[in-house]
Amino acid sequence: MWKEFKAFIMKGNVLELAVAVIIAGAFGAVVASFTNDVIMPPIGLALGGVDFSDLAITLAGAEMNDAGEVVKEAVQIRYGAFIQKVIDFLIIAFVIFMIVRTYNKVQAMKKKEEEAAAPAPPPGPTAEELLAEIRDLLKKQ
């Protein structure tokens, strides 16, 4: 079983997938920082100083004890955080779209080059040659 597992792990596709997952995780962190630290502050400023991470609808307030400590957290619908995640998703989806689009264009160019470089098939007989061959066959009969 160990040998099978080792053979499976050492396959090229598994290693490529592992690298892709690690890079995607790092890319997701970069996009989240870009959204939270670069995109959302100017949007919040343009909307009158709104901090999107604080936007929420409180369904039930937090419960406090006599010492002022939170006993039960507030129940909230945090739609501001959701908006940030949607923007994260749109950025990642756009980048992936651009990568796939570029990859497809490169593949199409390679295919055209291969087709252009392929030798042309030998030309077939002309109509006159075919007619002459038919004539000669008819004469033999």
# chains A, B, ... in the order shown; residues from 1 in each chain; ligands from 1

call {"tool": "select_by_dssp", "arguments": {"residues": "range 30-140 of chain A", "states": "helix (DSSP H, G or I)", "output": "VMD selection string"}}
result
chain A and resid 30 to 46 52 to 54 79 to 117 127 to 140

call {"tool": "select_by_dssp", "arguments": {"residues": "range 65-128 of chain A", "states": "strand (DSSP E)", "output": "ChimeraX atom specification"}}
result
/A:70-72,75-77

call {"tool": "closest_residue", "arguments": {"among": "A:Ala60, A:Pro121, A:Ala108, A:Asp88", "to": "Ser33 in chain A", "atoms": "only C-alpha atoms"}}
result
A:Asp88

call {"tool": "residues_around", "arguments": {"residues": "range 91-107 of chain A", "least_positions_apart": "2", "cutoff": "9 Å", "atoms": "only C-alpha atoms", "output": "list in words"}}
result
Phe27, Gly28, Val31, Thr35, Val86, Ile87, Asp88, Phe89, Met109, Lys110, Lys111 and Lys112 of chain A

call {"tool": "decode", "arguments": {"residues": "range 35-84 of chain A", "atoms": "N, CA and C atoms", "output": "short mmCIF file (atom, residue, chain, number, x, y, z; two decimals), in the first residue's frame"}}
result
data_model
loop_
_atom_site.label_atom_id
_atom_site.label_comp_id
_atom_site.auth_asym_id
_atom_site.auth_seq_id
_atom_site.Cartn_x
_atom_site.Cartn_y
_atom_site.Cartn_z
N THR A 35 -8.37 43.73 -1.79
CA THR A 35 -9.76 44.19 -1.64
C THR A 35 -9.94 44.98 -0.36
N ASN A 36 -9.49 44.41 0.77
CA ASN A 36 -9.72 45.05 2.07
C ASN A 36 -8.91 46.32 2.27
N ASP A 37 -7.67 46.33 1.76
CA ASP A 37 -6.75 47.42 2.07
C ASP A 37 -6.62 48.46 0.96
N VAL A 38 -6.99 48.11 -0.26
CA VAL A 38 -6.81 49.05 -1.37
C VAL A 38 -8.14 49.47 -1.99
N ILE A 39 -9.01 48.51 -2.28
CA ILE A 39 -10.25 48.84 -2.99
C ILE A 39 -11.33 49.39 -2.06
N MET A 40 -11.57 48.71 -0.93
CA MET A 40 -12.69 49.07 -0.08
C MET A 40 -12.54 50.42 0.64
N PRO A 41 -11.35 50.82 1.09
CA PRO A 41 -11.27 52.14 1.74
C PRO A 41 -11.70 53.31 0.85
N PRO A 42 -11.25 53.40 -0.41
CA PRO A 42 -11.75 54.51 -1.23
C PRO A 42 -13.25 54.42 -1.51
N ILE A 43 -13.77 53.20 -1.67
CA ILE A 43 -15.21 53.05 -1.89
C ILE A 43 -15.96 53.50 -0.64
N GLY A 44 -15.47 53.09 0.53
CA GLY A 44 -16.09 53.50 1.78
C GLY A 44 -16.02 55.01 1.98
N LEU A 45 -14.88 55.61 1.61
CA LEU A 45 -14.73 57.07 1.72
C LEU A 45 -15.70 57.78 0.78
N ALA A 46 -15.85 57.24 -0.43
CA ALA A 46 -16.76 57.85 -1.40
C ALA A 46 -18.21 57.74 -0.93
N LEU A 47 -18.50 56.73 -0.14
CA LEU A 47 -19.87 56.56 0.37
C LEU A 47 -20.06 57.21 1.74
N GLY A 48 -19.18 58.10 2.11
CA GLY A 48 -19.34 58.84 3.36
C GLY A 48 -18.65 58.22 4.55
N GLY A 49 -17.51 57.60 4.33
CA GLY A 49 -16.73 57.04 5.43
C GLY A 49 -17.24 55.71 5.95
N VAL A 50 -17.91 54.95 5.11
CA VAL A 50 -18.45 53.66 5.53
C VAL A 50 -17.32 52.63 5.55
N ASP A 51 -17.23 51.86 6.64
CA ASP A 51 -16.30 50.74 6.72
C ASP A 51 -17.12 49.48 6.44
N PHE A 52 -16.89 48.86 5.29
CA PHE A 52 -17.73 47.74 4.88
C PHE A 52 -17.66 46.57 5.85
N SER A 53 -16.54 46.37 6.50
CA SER A 53 -16.44 45.24 7.43
C SER A 53 -17.37 45.43 8.63
N ASP A 54 -17.81 46.66 8.90
CA ASP A 54 -18.70 46.93 10.04
C ASP A 54 -20.18 46.90 9.65
N LEU A 55 -20.48 46.82 8.36
CA LEU A 55 -21.87 46.84 7.94
C LEU A 55 -22.54 45.53 8.33
N ALA A 56 -23.62 45.63 9.10
CA ALA A 56 -24.33 44.45 9.56
C ALA A 56 -25.73 44.83 10.01
N ILE A 57 -26.59 43.84 9.98
CA ILE A 57 -27.93 43.99 10.52
C ILE A 57 -27.97 43.16 11.80
N THR A 58 -28.24 43.82 12.94
CA THR A 58 -28.25 43.11 14.22
C THR A 58 -29.64 42.52 14.45
N LEU A 59 -29.67 41.20 14.60
CA LEU A 59 -30.93 40.51 14.86
C LEU A 59 -31.20 40.42 16.36
N ALA A 60 -30.13 40.22 17.13
CA ALA A 60 -30.26 40.17 18.59
C ALA A 60 -28.99 40.78 19.18
N GLY A 61 -29.15 41.71 20.10
CA GLY A 61 -28.00 42.38 20.68
C GLY A 61 -27.19 41.46 21.59
N ALA A 62 -25.98 41.89 21.87
CA ALA A 62 -25.11 41.12 22.76
C ALA A 62 -25.63 41.21 24.20
N GLU A 63 -25.45 40.13 24.92
CA GLU A 63 -25.86 40.12 26.33
C GLU A 63 -24.62 40.33 27.19
N MET A 64 -24.73 41.23 28.17
CA MET A 64 -23.61 41.56 29.05
C MET A 64 -23.95 41.16 30.49
N ASN A 65 -22.90 40.84 31.26
CA ASN A 65 -23.12 40.58 32.69
C ASN A 65 -22.92 41.88 33.47
N ASP A 66 -22.98 41.81 34.78
CA ASP A 66 -22.87 43.01 35.61
C ASP A 66 -21.49 43.66 35.51
N ALA A 67 -20.45 42.87 35.18
CA ALA A 67 -19.10 43.40 35.08
C ALA A 67 -18.83 44.03 33.72
N GLY A 68 -19.80 43.99 32.82
CA GLY A 68 -19.64 44.59 31.50
C GLY A 68 -18.98 43.66 30.49
N GLU A 69 -18.87 42.38 30.84
CA GLU A 69 -18.28 41.42 29.92
C GLU A 69 -19.38 40.81 29.05
N VAL A 70 -19.02 40.50 27.81
CA VAL A 70 -19.98 39.92 26.89
C VAL A 70 -20.20 38.46 27.26
N VAL A 71 -21.45 38.13 27.56
CA VAL A 71 -21.82 36.77 27.90
C VAL A 71 -22.26 36.03 26.64
N LYS A 72 -23.01 36.71 25.81
CA LYS A 72 -23.50 36.13 24.57
C LYS A 72 -23.30 37.16 23.45
N GLU A 73 -22.62 36.70 22.38
CA GLU A 73 -22.34 37.60 21.25
C GLU A 73 -23.64 38.00 20.56
N ALA A 74 -23.59 39.15 19.90
CA ALA A 74 -24.73 39.62 19.14
C ALA A 74 -24.93 38.72 17.91
N VAL A 75 -26.16 38.56 17.50
CA VAL A 75 -26.48 37.80 16.29
C VAL A 75 -26.66 38.83 15.18
N GLN A 76 -25.78 38.73 14.17
CA GLN A 76 -25.79 39.73 13.11
C GLN A 76 -25.72 39.10 11.73
N ILE A 77 -26.31 39.78 10.77
CA ILE A 77 -26.11 39.45 9.36
C ILE A 77 -25.06 40.44 8.87
N ARG A 78 -23.86 39.94 8.63
CA ARG A 78 -22.72 40.80 8.29
C ARG A 78 -22.61 40.93 6.77
N TYR A 79 -23.48 41.75 6.18
CA TYR A 79 -23.50 41.87 4.73
C TYR A 79 -22.30 42.66 4.19
N GLY A 80 -21.65 43.46 5.01
CA GLY A 80 -20.45 44.18 4.56
C GLY A 80 -19.31 43.21 4.27
N ALA A 81 -19.13 42.22 5.14
CA ALA A 81 -18.10 41.20 4.90
C ALA A 81 -18.44 40.39 3.66
N PHE A 82 -19.74 40.14 3.46
CA PHE A 82 -20.17 39.42 2.27
C PHE A 82 -19.84 40.20 0.99
N ILE A 83 -20.07 41.50 1.02
CA ILE A 83 -19.73 42.34 -0.15
C ILE A 83 -18.25 42.25 -0.45
N GLN A 84 -17.41 42.29 0.57
CA GLN A 84 -15.97 42.17 0.37
C GLN A 84 -15.61 40.82 -0.25
#
